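Encoded as structure tokens, the structure appears first; notes follow it.
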Amino acid sequence: MTYAAFECDLWRTQSSEMRHSYCATIPHVFAGVLKEHGYTIQRELGQGSSGTVYLVTNTDGDPCVVKVIDYRHNEEVEILRSLKYGYIVTYVDSFKDEDNEQLFVVMEYCAGGDLHKRMQTQKEKKKGIFEEKQIIDWLVQICLALQYVHEKNILHGDIKPKNVFLTEDGYINVGDFGCSKTLQRADAYAESGVVAELYKSPEVFQKKYTSKSDIWSLGWVLHDLCMLDVWSDTVERRSRLDSSIKGTTPHISTRYSEELRKLIKEILSHDAKDRPSADEILAKPFLREAVKRNKIFPEKLRQRLEESIKTFDKAYKEHYKDLETLVSEWGKTTDSLEKTHYSATAGSLSGAVIGTAGGITAVVGAILAPFTFGASLIVTAVGIGVGVAGGVTGAASNITNTVKQKSFKKCLQQIEKKYKLVSLKLLSPLSDVRRLLRKLSKFQDFASDSSSDNVQMVQGAGKSAGYVIITLGMLSNVARIAVQAAKIVRTVAAVSGVLSGLLVIADIAFIVMDSREIHEMRQHWKTDDSEKVKSSKLKAIAEMRKTHNELQNVLKEIKEAKEELNTYI
């Protein structure tokens with residue numbers, strides 16, 4: 001299965017016609033279910049051992065992988081949920097579609113593709129070989145992942161290049177636990193293991209599978225990394241597997257060290273008892289430095305985190321005050337709009353009352369005219385004058401309100417435009433920090449299990465030991481910071497939508513007013529609960545006030561995130 005053979009950037013550059021053709025192949029029901037849970041399908045990535053795999057984006061725009069499997073086969077979810085380790089694909093979420101008996105498993109996206117794809121690319125290059133240091137780093141990373149799952153009495157069951165993924169920071173993530181089994185005892189046998197044919201151990205043919213079967217598969221991955229010419233020749237590769245199953249270990253190029261060649265020979269021993277365990281492999285003297293190198297936080301990931309924190313710090317210093325000002329302006333505009341609406345409503349109602357009184361007077365004068373020989377026409381004239389005055393008063397209030405609303409609309413549009421620009425500059429680097437902290441948190445075991453080794457390695461690399469201490473503190477708070485940052489992003493997305501929607505209220509001319517509007521305004525002055533009011537105008541103003549409160553919370557949470565990160569800046 002290939003989770004990430006295609007980059008998200010490639011998807012974004014495709015034409016709309018190409019995107020449509022991709023999405024046309026995706027079952028509509030899957031897209032609908034994913035949308036309900038906050039995921040947007042981008043394209044199908046391929047078929048795994050237990051289901052179909054899709055590339056999706058979440059509500060924050062982050063890429064993820066979703067595998068759709070039969071919901072009765074949910075052992076994979078339970079296994080994946082229990083694993084959190086630096087070199088294993090991270091479980092994100094899962095949910096069921098009861099109607100179609102499907103289970104959706106959301107996992108980490110690995111932007112570097114899989115090892116199979118990397119081997120193909122390397123084979124096409126002029127030299128067509130991997131350097132030993134690279135092979136050994138991958139060996140150690142895969143072995144650390146296997147050590148972790150085997151200690152939990154879990155068998156992977158399908159180790160092969162297509163199930164070994166590369167992150168954008170260059171390290172390994174072992175994935176696709178669709179064939180995994182949980183054992184009651186470490187030395188127990190699973191009834192069977194799927195295992196791609198070219199990586200299947202001798203005992204699997206007898207329907208027996210142990211942790212040493214995973215090791216055999218690892219051995220063939222190492223063989224293929226060292227012998228790309230053989231790996232790309234299916235006939236020769238199959239012939240070597242057949243010979244190995246009969247007890248003849250395959251040849252490894254002498255360009256690689258004797259220690260590595262000897263280890264591969266041990267791993268591919270016909271008898272599972274003669275194969276080293278993951279623990280024993282990692283204890284090999286010639287791998288000591290590689291183990292230390294790979295049991296600390298990945299260097300590229302650490303560097304990207306430091307850069308993202310600095311970027312957020314700079315953005316905070318440059319734009320936080322601007323955001324504060326915009327939020328304040330939003331609140332003042334809301335107050336002013338509510339006050340103007342109240343005044344205009346009261347003025348319109350007063351004008352209507354005066355106009356009505358004048359009209360009645362005029363009618364009375366006209367009725368009495370025949371009986372008063374015209375004297376009552378004076379009353380009529382007065383009534384008409386009063387009516388006109390009332391009409392002018394009401395019209396003036398409505399015209400004033402309309403004019404003010406137009407200025408409010410212009411003001412709100414300016415605030416919205418500035419807000420989107422400023423908030424993006426603040427929230428984009430904060431989202432980067434959140435994503436990287438989540439990745440870093442997978443390596444927490446390395447810090448807690450061997451912090452002294454980490455300190456030693458950091459010093460040996462020319463860095464201060466203080467970095468490790470800081471990282472330990474950061475990891476202890478990673479969950480809170482990540483949740484907080486994600487909440488800010490969601491809040492801002494919601495607020496931005498409200499800002500755009502509320503601008504239409506500035507076009508409404510409050511011409512028809514009555515005393516009930518005045519009563520409602522007095523009863524619910526400065527409310528942010530639109531459910532409490534019936535008037536459409538007051539509902540809109542209440543939404544504006546609610547939006548202002550949410551914006552104030554965004555400010556508070558951004559500030560708290562900054563204070564939390566101050567220690568690490």
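We name chains A, B, ... following the order of the structure tokens; residues begin at 1 in each chain, and ligands are numbered from 1 as shown.
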
Within 10 Å of segment 481-494 of chain A, counting only C-alpha atoms, which residues show up once you throw out same-chain ones fewer than 5 positions away? Write them as an MDAnalysis selection string, please. chainID A and resid 59:60 419:420 423:424 427:428 430:438 474:476 499 547 550:551 553:558 560:562 564:565

Within 12 Å of Glu36 of chain A using only C-alpha atoms, minus same-chain residues under 4 positions, as an mmCIF file with N, CA and C atoms, in the first residue's frame:
```cif
data_model
loop_
_atom_site.group_PDB
_atom_site.id
_atom_site.type_symbol
_atom_site.label_atom_id
_atom_site.label_comp_id
_atom_site.auth_asym_id
_atom_site.auth_seq_id
_atom_site.Cartn_x
_atom_site.Cartn_y
_atom_site.Cartn_z
ATOM 1 N N VAL A 29 -20.436 8.069 -1.376
ATOM 2 C CA VAL A 29 -20.802 7.868 0.023
ATOM 3 C C VAL A 29 -19.611 8.076 0.950
ATOM 4 N N PHE A 30 -18.399 7.680 0.514
ATOM 5 C CA PHE A 30 -17.208 7.879 1.327
ATOM 6 C C PHE A 30 -16.943 9.368 1.532
ATOM 7 N N ALA A 31 -17.045 10.124 0.434
ATOM 8 C CA ALA A 31 -16.798 11.569 0.517
ATOM 9 C C ALA A 31 -17.771 12.222 1.485
ATOM 10 N N GLY A 32 -19.036 11.775 1.450
ATOM 11 C CA GLY A 32 -20.045 12.353 2.335
ATOM 12 C C GLY A 32 -19.769 12.057 3.796
ATOM 13 N N THR A 40 -11.890 16.322 3.963
ATOM 14 C CA THR A 40 -12.212 16.509 2.548
ATOM 15 C C THR A 40 -11.318 15.606 1.715
ATOM 16 N N ILE A 41 -11.938 14.746 0.946
ATOM 17 C CA ILE A 41 -11.176 13.789 0.136
ATOM 18 C C ILE A 41 -10.481 14.501 -1.018
ATOM 19 N N ASN A 58 -7.847 17.842 6.657
ATOM 20 C CA ASN A 58 -8.760 18.085 7.771
ATOM 21 C C ASN A 58 -9.228 19.539 7.767
ATOM 22 N N THR A 59 -9.949 19.951 8.793
ATOM 23 C CA THR A 59 -10.516 21.297 8.829
ATOM 24 C C THR A 59 -9.453 22.383 8.898
ATOM 25 N N PHE A 95 -13.898 6.300 12.697
ATOM 26 C CA PHE A 95 -15.353 6.389 12.836
ATOM 27 C C PHE A 95 -15.989 5.394 11.878
ATOM 28 N N LYS A 96 -17.245 5.048 12.174
ATOM 29 C CA LYS A 96 -17.930 4.007 11.412
ATOM 30 C C LYS A 96 -19.028 4.593 10.537
ATOM 31 N N ASP A 97 -19.289 3.905 9.441
ATOM 32 C CA ASP A 97 -20.464 4.143 8.615
ATOM 33 C C ASP A 97 -21.302 2.873 8.721
#
```

Between atom CA of Ile267 of chain A and atom CA of Gly219 of chain A, what is the distance, to one decimal in Å?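 One can read the atom CA of Ile267 of chain A to atom CA of Gly219 of chain A distance as 5.4 Å.
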
Fewer than 5 positions away in the same chain doesn't count, so skip those; otherwise give me all residues within 10 Å of Lys321 of chain A, counting only C-alpha atoms, as a list of chain:residue names.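 Residues meeting the cut-off are A:Tyr316, A:Leu326, A:Val327, A:Val422, A:Leu555.
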
Please report, as a PyMOL selection string, each residue of segment 10-229 of chain A to which DSSP assigns strand (DSSP E) when run on this structure's backbone. chain A and resi 40-47+52-57+63-70+91-97+102-108+154-155+164-166+172-174+181-182

Between atom CA of Tyr109 of chain A and atom CA of Ser94 of chain A lies a distance of 14.8 Å

With only C-alpha atoms as the counted atoms, please give the residues lying no more than 10 Å from Asp137 of chain A, apart from itself and same-chain residues fewer than 6 positions off, as a PyMOL selection string. chain A and resi 143+171-172+287+289-291+293-294

Backbone-only DSSP, alpha helix (DSSP H) members of segment 220-314 of chain A, as a PyMOL selection string: chain A and resi 220-226+228-231+234-245+258-267+278-282+288-294+299-314

Give me the residues near Lys212 of chain A as a list in words, where near means some atom within 7 Å (using only C-alpha atoms) and where sequence neighbours in that chain fewer than 6 positions away do not count. Ala272, Arg275 and Ser277 of chain A
